[in-house]
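Shown here: my_file.cif, mmCIF, C-alpha atoms and all ligand atoms.
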data_target
loop_
_atom_site.label_atom_id
_atom_site.label_comp_id
_atom_site.auth_asym_id
_atom_site.auth_seq_id
_atom_site.Cartn_x
_atom_site.Cartn_y
_atom_site.Cartn_z
CA MET Q 6 33.52 -85.54 107.99
CA ALA Q 7 29.75 -85.25 107.51
CA ASP Q 8 29.88 -84.31 103.86
CA GLU Q 9 32.64 -84.29 101.30
CA GLY Q 10 34.58 -81.02 101.36
CA VAL Q 11 33.09 -79.74 104.63
CA PRO Q 12 35.68 -79.30 107.37
CA GLU Q 13 34.90 -80.92 110.74
CA PRO Q 14 34.91 -77.75 112.94
CA LEU Q 15 32.09 -76.03 111.02
CA PRO Q 16 28.99 -78.24 111.23
CA ALA Q 17 26.71 -75.53 112.68
CA PHE Q 18 27.76 -73.08 110.01
CA TYR Q 19 27.24 -75.72 107.34
CA CYS Q 20 23.77 -76.49 108.70
CA LYS Q 21 22.77 -72.82 108.47
CA LEU Q 22 24.18 -72.61 104.98
CA ARG Q 23 22.10 -75.63 103.96
CA SER Q 24 18.93 -73.96 105.29
CA PHE Q 25 19.81 -70.76 103.47
CA HIS Q 26 20.40 -72.71 100.24
CA SER Q 27 17.08 -74.58 100.59
CA ALA Q 28 15.13 -71.38 101.28
CA LEU Q 29 16.58 -69.60 98.26
CA LEU Q 30 16.09 -72.64 96.05
CA GLN Q 31 12.44 -72.63 97.07
CA LEU Q 32 12.16 -68.88 96.43
CA SER Q 33 13.78 -69.27 93.01
CA ARG Q 34 11.24 -71.99 92.15
CA GLU Q 35 8.41 -69.59 92.99
CA LEU Q 36 10.00 -66.93 90.79
CA LEU Q 37 10.40 -69.42 87.94
CA ARG Q 38 6.68 -70.08 88.07
CA GLY Q 39 5.95 -66.35 87.82
CA LEU Q 40 8.41 -65.99 84.93
CA SER Q 41 6.73 -68.86 83.03
CA LEU Q 42 3.30 -67.31 83.53
CA ALA Q 43 4.62 -63.93 82.35
CA LEU Q 44 5.39 -65.59 79.00
CA ASP Q 45 1.93 -67.20 78.80
CA LEU Q 46 3.47 -70.62 79.42
CA PRO Q 47 2.24 -73.19 81.94
CA ALA Q 48 3.49 -72.26 85.42
CA ASP Q 49 5.80 -75.29 85.59
CA HIS Q 50 7.34 -74.77 82.14
CA PHE Q 51 10.84 -73.70 83.22
CA GLU Q 52 10.96 -76.03 86.18
CA SER Q 53 9.85 -79.13 84.33
CA HIS Q 54 12.16 -78.50 81.38
CA ALA Q 55 15.34 -77.36 83.06
CA PHE Q 56 15.28 -77.35 86.86
CA ARG Q 57 14.86 -80.96 87.92
CA LYS Q 58 18.35 -81.11 89.47
CA PRO Q 59 19.71 -77.61 88.94
CA ILE Q 60 23.27 -76.53 89.55
CA ALA Q 61 22.49 -74.13 92.37
CA LYS Q 62 25.32 -72.68 94.45
CA VAL Q 63 25.79 -70.14 97.22
CA LEU Q 64 28.78 -67.80 97.12
CA LEU Q 65 29.66 -65.84 100.27
CA ALA Q 66 31.54 -62.68 99.32
CA CYS Q 67 33.41 -60.07 101.32
CA TYR Q 68 34.54 -56.83 99.69
CA PRO Q 69 37.11 -54.72 101.54
CA PRO Q 70 36.36 -51.11 102.50
CA ALA Q 71 36.85 -48.36 99.97
CA GLY Q 72 40.47 -47.36 99.64
CA GLU Q 73 41.92 -50.85 100.06
CA GLY Q 74 42.38 -51.39 96.36
CA ASP Q 75 39.96 -52.07 93.58
CA GLN Q 76 38.55 -55.32 94.88
CA SER Q 77 34.88 -54.74 94.06
CA CYS Q 78 33.18 -56.76 91.39
CA GLY Q 79 33.39 -55.24 87.89
CA ALA Q 80 30.52 -54.89 85.43
CA HIS Q 81 29.30 -58.25 84.17
CA THR Q 82 26.28 -60.41 83.51
CA ASP Q 83 25.72 -63.72 85.29
CA CYS Q 84 25.92 -66.72 83.01
CA GLY Q 85 23.12 -68.79 84.59
CA PHE Q 86 19.37 -68.34 84.63
CA LEU Q 87 18.55 -66.63 87.92
CA THR Q 88 20.65 -65.08 90.69
CA LEU Q 89 19.45 -63.93 94.11
CA VAL Q 90 21.74 -61.47 95.92
CA CYS Q 91 21.41 -60.74 99.64
CA GLN Q 92 23.35 -57.72 100.90
CA ASP Q 93 24.26 -57.57 104.56
CA ARG Q 94 25.14 -54.24 106.14
CA LEU Q 95 22.91 -51.32 105.29
CA GLU Q 96 25.85 -48.91 105.50
CA ALA Q 97 27.95 -50.94 103.06
CA GLN Q 98 25.70 -51.92 100.21
CA GLY Q 99 26.94 -51.29 96.70
CA LEU Q 100 25.15 -53.47 94.18
CA GLN Q 101 24.46 -51.43 91.04
CA VAL Q 102 22.47 -52.37 87.94
CA GLN Q 103 23.02 -50.71 84.58
CA LYS Q 104 20.04 -48.94 83.07
CA PRO Q 105 19.35 -48.99 79.31
CA ASP Q 106 20.84 -45.48 78.99
CA GLY Q 107 24.14 -46.77 80.43
CA SER Q 108 23.84 -45.06 83.83
CA TRP Q 109 24.00 -47.05 87.07
CA LEU Q 110 21.19 -47.61 89.55
CA SER Q 111 22.20 -48.34 93.16
CA VAL Q 112 20.11 -51.18 94.56
CA LYS Q 113 19.26 -50.45 98.17
CA THR Q 114 17.69 -53.31 100.05
CA ASP Q 115 16.65 -54.17 103.55
CA ARG Q 116 19.17 -56.38 105.23
CA TYR Q 117 19.10 -59.84 103.53
CA THR Q 118 16.16 -59.01 101.26
CA PRO Q 119 17.05 -60.89 98.07
CA VAL Q 120 17.44 -59.03 94.79
CA ALA Q 121 16.76 -61.13 91.69
CA ASN Q 122 18.94 -60.80 88.59
CA LEU Q 123 18.24 -62.72 85.41
CA GLY Q 124 21.29 -64.22 83.69
CA ASP Q 125 22.45 -64.99 80.16
CA LEU Q 126 20.62 -68.31 79.90
CA ALA Q 127 17.29 -66.58 80.64
CA GLN Q 128 18.07 -64.06 77.91
CA ARG Q 129 19.03 -66.73 75.38
CA TRP Q 130 16.06 -68.96 76.15
CA THR Q 131 13.58 -66.08 75.74
CA ASN Q 132 15.30 -64.58 72.69
CA ASP Q 133 15.96 -61.29 74.58
CA VAL Q 134 12.41 -60.93 75.95
CA PHE Q 135 14.07 -61.29 79.37
CA ARG Q 136 17.40 -59.47 79.66
CA SER Q 137 20.53 -60.54 81.48
CA SER Q 138 21.15 -57.53 83.71
CA VAL Q 139 24.57 -55.90 83.65
CA HIS Q 140 25.57 -55.24 87.24
CA ARG Q 141 28.60 -54.48 89.39
CA VAL Q 142 29.55 -53.93 93.02
CA LEU Q 143 31.17 -50.76 94.30
CA ASN Q 144 31.82 -50.72 98.01
CA ALA Q 145 32.17 -47.00 98.64
CA SER Q 146 31.90 -47.26 102.45
CA ALA Q 147 34.62 -47.47 105.09
CA ALA Q 148 33.25 -50.84 106.25
CA PRO Q 149 33.71 -54.22 104.58
CA ARG Q 150 30.74 -55.34 102.55
CA TRP Q 151 29.31 -58.83 102.82
CA SER Q 152 26.90 -60.52 100.48
CA ALA Q 153 25.47 -63.97 99.95
CA ILE Q 154 24.76 -64.81 96.33
CA PHE Q 155 22.62 -67.71 95.19
CA PHE Q 156 23.11 -68.79 91.58
CA ASN Q 157 20.49 -71.04 90.01
CA ASN Q 158 22.02 -72.26 86.77
CA MET Q 159 19.55 -74.90 85.51
CA ASP Q 160 20.25 -78.61 84.96
CA GLU Q 161 23.68 -79.32 83.50
CA ASP Q 162 22.16 -80.99 80.41
CA ALA Q 163 19.18 -78.62 80.01
CA GLU Q 164 18.78 -77.55 76.39
CA VAL Q 165 18.42 -73.84 75.80
CA GLU Q 166 16.86 -72.86 72.51
CA CYS Q 167 14.83 -69.70 71.82
CA LEU Q 168 11.26 -70.42 72.93
CA ALA Q 169 8.83 -70.67 70.03
CA THR Q 170 6.58 -68.16 71.77
CA CYS Q 171 9.45 -65.62 71.79
CA VAL Q 172 10.23 -65.93 68.08
CA ASP Q 173 8.32 -64.38 65.20
CA ARG Q 174 8.92 -62.48 61.98
CA GLU Q 175 9.79 -59.24 63.82
CA ARG Q 176 11.87 -61.08 66.41
CA PRO Q 177 13.85 -63.82 64.65
CA SER Q 178 15.78 -66.29 66.75
CA LYS Q 179 19.10 -64.71 67.84
CA TYR Q 180 20.84 -67.60 69.56
CA ARG Q 181 21.85 -71.07 68.51
CA LYS Q 182 20.78 -74.02 70.62
CA THR Q 183 23.11 -74.85 73.50
CA THR Q 184 23.03 -76.61 76.85
CA CYS Q 185 23.49 -75.04 80.24
CA GLY Q 186 26.73 -77.00 80.79
CA GLU Q 187 28.17 -76.07 77.41
CA TYR Q 188 27.32 -72.37 77.75
CA VAL Q 189 28.61 -72.01 81.31
CA ALA Q 190 31.86 -73.85 80.48
CA ALA Q 191 32.47 -71.61 77.45
CA LYS Q 192 31.82 -68.45 79.45
CA MET Q 193 34.09 -69.58 82.28
CA GLN Q 194 36.86 -70.29 79.77
CA GLU Q 195 36.44 -66.82 78.29
CA MET Q 196 36.55 -65.30 81.79
CA ARG Q 197 39.66 -67.23 82.78
CA SER Q 198 41.61 -66.07 79.76
CA HIS Q 199 40.38 -62.49 80.28
CA LEU Q 200 41.40 -62.50 83.96
CA SER Q 201 44.76 -64.13 83.25
CA LYS Q 202 45.55 -61.46 80.69
CA GLU Q 203 44.24 -58.48 82.64
CA GLN Q 204 44.96 -59.27 86.27
CA GLY Q 205 47.36 -62.16 86.53
CA THR Q 206 46.68 -65.74 87.48
CA ASP Q 207 45.58 -65.31 91.12
CA LEU Q 208 42.12 -64.00 90.30
CA ALA Q 209 41.73 -66.51 87.49
CA GLU Q 210 42.44 -69.29 89.97
CA ILE Q 211 39.90 -67.91 92.46
CA ALA Q 212 37.28 -67.72 89.73
CA GLU Q 213 38.08 -71.28 88.70
CA THR Q 214 37.65 -72.49 92.27
CA THR Q 215 34.28 -70.81 92.75
CA GLY Q 216 33.25 -71.42 89.15
CA LEU Q 217 30.74 -68.67 89.52
CA ARG Q 218 31.78 -65.26 88.38
CA PRO Q 219 31.73 -64.56 84.67
CA ALA Q 220 33.83 -61.81 83.08
O1 LIG X 1 28.09 -59.35 95.82
C1 LIG X 1 27.16 -58.98 95.11
O2 LIG X 1 26.27 -58.21 95.48
C2 LIG X 1 27.02 -59.47 93.68
C3 LIG X 1 28.19 -60.26 93.19
C4 LIG X 1 27.96 -60.71 91.80
O3 LIG X 1 27.33 -60.05 91.01
C5 LIG X 1 28.49 -62.02 91.36
O4 LIG X 1 29.25 -62.66 92.13
O5 LIG X 1 28.17 -62.44 90.24
FE FE X 2 26.87 -61.14 89.25
#
Any chance you could put this one into structure tokens?
Ligand SMILES: O=C(O)CCC(=O)C(=O)O
Ligand SMILES: [Fe+2]
Amino acid sequence: MADEGVPEPLPAFYCKLRSFHSALLQLSRELLRGLSLALDLPADHFESHAFRKPIAKVLLACYPPAGEGDQSCGAHTDCGFLTLVCQDRLEAQGLQVQKPDGSWLSVKTDRYTPVANLGDLAQRWTNDVFRSSVHRVLNASAAPRWSAIFFNNMDEDAEVECLATCVDRERPSKYRKTTCGEYVAAKMQEMRSHLSKEQGTDLAEIAETTGLRPA
């Protein structure tokens, strides 16, 4: 076995997945630089404080065609800092983002063009200047829908406290200091108990295995 947890018959697939992961990690680093500059911070602010060895994972998802049960992904926010979603088939897209008025915007992309979503840790760190986007997936087509999702969750021990530049008299600090690891663990726990109550243990176990999808 080349790497722990990787089955022997899939080395070519694993190699491609590694390249995909590296490319999206690189893209997320570029975006982090832009996000720092947007807050009038040095370009490397986010990277140097919280992305030295980030927990960055790829999730490959398949949603069955419409009519095969409600297996799409319900409305939620991602718990990390930045997520990049790549949708596959043009005829079976389905990512939707909630607008401030509560209505849903369908996100149509070219095949594999990544869509960036900010997560809860970005919102907490910037004291709501950046918002964690509420999104969901509805596969309304007769074909299965595939997506590859890259979650960049920051360093496990990265401290997240409202940035001084995002706090003032009109905008007092809304969130207590936490770490990426502490916040993600708490949100996962909340999600597991929610799923166990609402949908039985199977989904809770899947979520625990992937460790990625918050409630
Ligand atoms: O499959 C998608 O397009 C997005 C899935 C998602 O939002 C998630 O897994 O957190
Ligand atoms: Fe998500």
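Considering only C-alpha atoms, the residue among Q:Arg34, Q:Arg174, Q:Arg23, Q:His81 positioned nearest to Val142 (chain Q) is Q:His81.
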* Work out how far apart atom O3 of ligand LIG 1 (chain X) and CA of Asp83 (chain Q) are and give it in Å to one decimal. => 7.0 Å
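For ligand LIG 1 (chain X), the set of protein, DNA and RNA residues within 7 Å, based on only C-alpha atoms and all ligand atoms, reads Ala66, Cys78, Asp83, Val90, Cys91, Gln92, Leu100, His140, Arg141, Val142, Ser152, Ala153, Ile154, Leu217, Arg218 and Pro219 of chain Q.
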* **Contacts of region 123-130 of chain Q at 8 Å (only C-alpha atoms; same-chain gap of 3+ positions) as a count of residues only** => 20
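In this structure, CA of Arg38 (chain Q) sits 20.7 Å away from CA of Val172 (chain Q).
Going from CA of Trp151 (chain Q) to CA of Arg116 (chain Q) covers 10.7 Å.
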* Skip Tyr68 (chain Q) itself and residues of its chain fewer than 5 positions away, then list as a ChimeraX atom specification all residues within 7 Å of it, counting only C-alpha atoms. => /Q:76-77,144,149-151
* Using only C-alpha atoms and all ligand atoms: which of Q:Leu89, Q:Gly107, Q:Glu175, Q:Met193 has the shortest distance to ligand FE 2 (chain X) -> Q:Leu89
* Counting all atoms listed in the file, the residue of Q:Ile60, Q:Tyr19, Q:Val139, Q:Ser111 that sits nearest ligand FE 2 (chain X) -> Q:Val139
With a cut-off of 9 Å, could you pull out the residues of region 75-179 of chain Q touching region 41-54 of chain Q and give me the nearest pair of atoms for each, distance in Å to one decimal, using all atoms listed in the file, ordered by chain and ascending number, as a tab-separated table?
residue	atom	partner	partner_atom	distance
Q:Thr131	CA	Q:Leu44	CA	8.8
Q:Val134	CA	Q:Leu44	CA	9.0
Q:Met159	CA	Q:Glu52	CA	8.7
Q:Asp160	CA	Q:His54	CA	8.8
Q:Ala163	CA	Q:His54	CA	7.2
Q:Glu164	CA	Q:His54	CA	8.3
Q:Thr170	CA	Q:Leu44	CA	7.8
Q:Cys171	CA	Q:Leu44	CA	8.3
Would you export the selected residues with C-alpha atoms as a tab-separated table (two decimals), in the coordinates of the input, please?
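Output (again13.tsv):
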chain	number	residue	atom	x	y	z
Q	131	THR	CA	13.58	-66.08	75.74
Q	134	VAL	CA	12.41	-60.93	75.95
Q	159	MET	CA	19.55	-74.90	85.51
Q	160	ASP	CA	20.25	-78.61	84.96
Q	163	ALA	CA	19.18	-78.62	80.01
Q	164	GLU	CA	18.78	-77.55	76.39
Q	170	THR	CA	6.58	-68.16	71.77
Q	171	CYS	CA	9.45	-65.62	71.79
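The shortest atom-to-atom distance to ligand FE 2 (chain X), with only C-alpha atoms and all ligand atoms taken into account, belongs to Q:Ala121 out of Q:Ala148, Q:Cys20, Q:Ala121, Q:Leu15.
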* Asked: Looking at Q:Ser24, Q:Ser108, Q:Ser201, Q:Gln98, which one is nearest to Ala147 (chain Q), with distances taken over all atoms listed in the file?
  -> Q:Gln98
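Distances to ligand FE 2 (chain X) were evaluated for Q:Ala190, Q:Gly79, Q:Ala97, Q:Thr183 using only C-alpha atoms and all ligand atoms, and the minimum falls at Q:Gly79.
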Completed region 175-192 of chain Q (N, CA and C atoms) as a short mmCIF file (atom, residue, chain, number, x, y, z; two decimals), in the coordinates of the input:
data_model
loop_
_atom_site.label_atom_id
_atom_site.label_comp_id
_atom_site.auth_asym_id
_atom_site.auth_seq_id
_atom_site.Cartn_x
_atom_site.Cartn_y
_atom_site.Cartn_z
N GLU Q 175 9.11 -60.47 63.35
CA GLU Q 175 9.79 -59.24 63.82
C GLU Q 175 10.93 -59.55 64.78
N ARG Q 176 10.86 -60.71 65.41
CA ARG Q 176 11.87 -61.08 66.41
C ARG Q 176 12.45 -62.44 66.05
N PRO Q 177 13.30 -62.51 65.02
CA PRO Q 177 13.85 -63.82 64.65
C PRO Q 177 14.78 -64.36 65.73
N SER Q 178 14.96 -65.65 65.73
CA SER Q 178 15.78 -66.29 66.75
C SER Q 178 17.23 -65.77 66.68
N LYS Q 179 17.76 -65.32 67.84
CA LYS Q 179 19.10 -64.71 67.84
C LYS Q 179 20.20 -65.66 68.27
N TYR Q 180 19.82 -66.75 68.93
CA TYR Q 180 20.84 -67.60 69.56
C TYR Q 180 20.73 -69.04 69.09
N ARG Q 181 21.87 -69.65 68.89
CA ARG Q 181 21.85 -71.07 68.51
C ARG Q 181 21.57 -71.90 69.76
N LYS Q 182 21.10 -73.11 69.51
CA LYS Q 182 20.78 -74.02 70.62
C LYS Q 182 22.06 -74.37 71.39
N THR Q 183 21.96 -74.43 72.70
CA THR Q 183 23.11 -74.85 73.50
C THR Q 183 22.58 -75.62 74.72
N THR Q 184 23.49 -76.05 75.57
CA THR Q 184 23.03 -76.61 76.85
C THR Q 184 23.60 -75.72 77.95
N CYS Q 185 23.00 -75.82 79.11
CA CYS Q 185 23.49 -75.04 80.24
C CYS Q 185 24.97 -75.33 80.47
N GLY Q 186 25.34 -76.62 80.50
CA GLY Q 186 26.73 -77.00 80.79
C GLY Q 186 27.69 -76.44 79.76
N GLU Q 187 27.29 -76.54 78.50
CA GLU Q 187 28.17 -76.07 77.41
C GLU Q 187 28.34 -74.55 77.50
N TYR Q 188 27.26 -73.84 77.72
CA TYR Q 188 27.32 -72.37 77.75
C TYR Q 188 28.16 -71.88 78.93
N VAL Q 189 27.89 -72.46 80.10
CA VAL Q 189 28.61 -72.01 81.31
C VAL Q 189 30.11 -72.31 81.16
N ALA Q 190 30.44 -73.49 80.65
CA ALA Q 190 31.86 -73.85 80.48
C ALA Q 190 32.55 -72.88 79.53
N ALA Q 191 31.86 -72.53 78.43
CA ALA Q 191 32.47 -71.61 77.45
C ALA Q 191 32.67 -70.23 78.07
N LYS Q 192 31.69 -69.79 78.86
CA LYS Q 192 31.82 -68.45 79.45
C LYS Q 192 32.92 -68.42 80.51
#
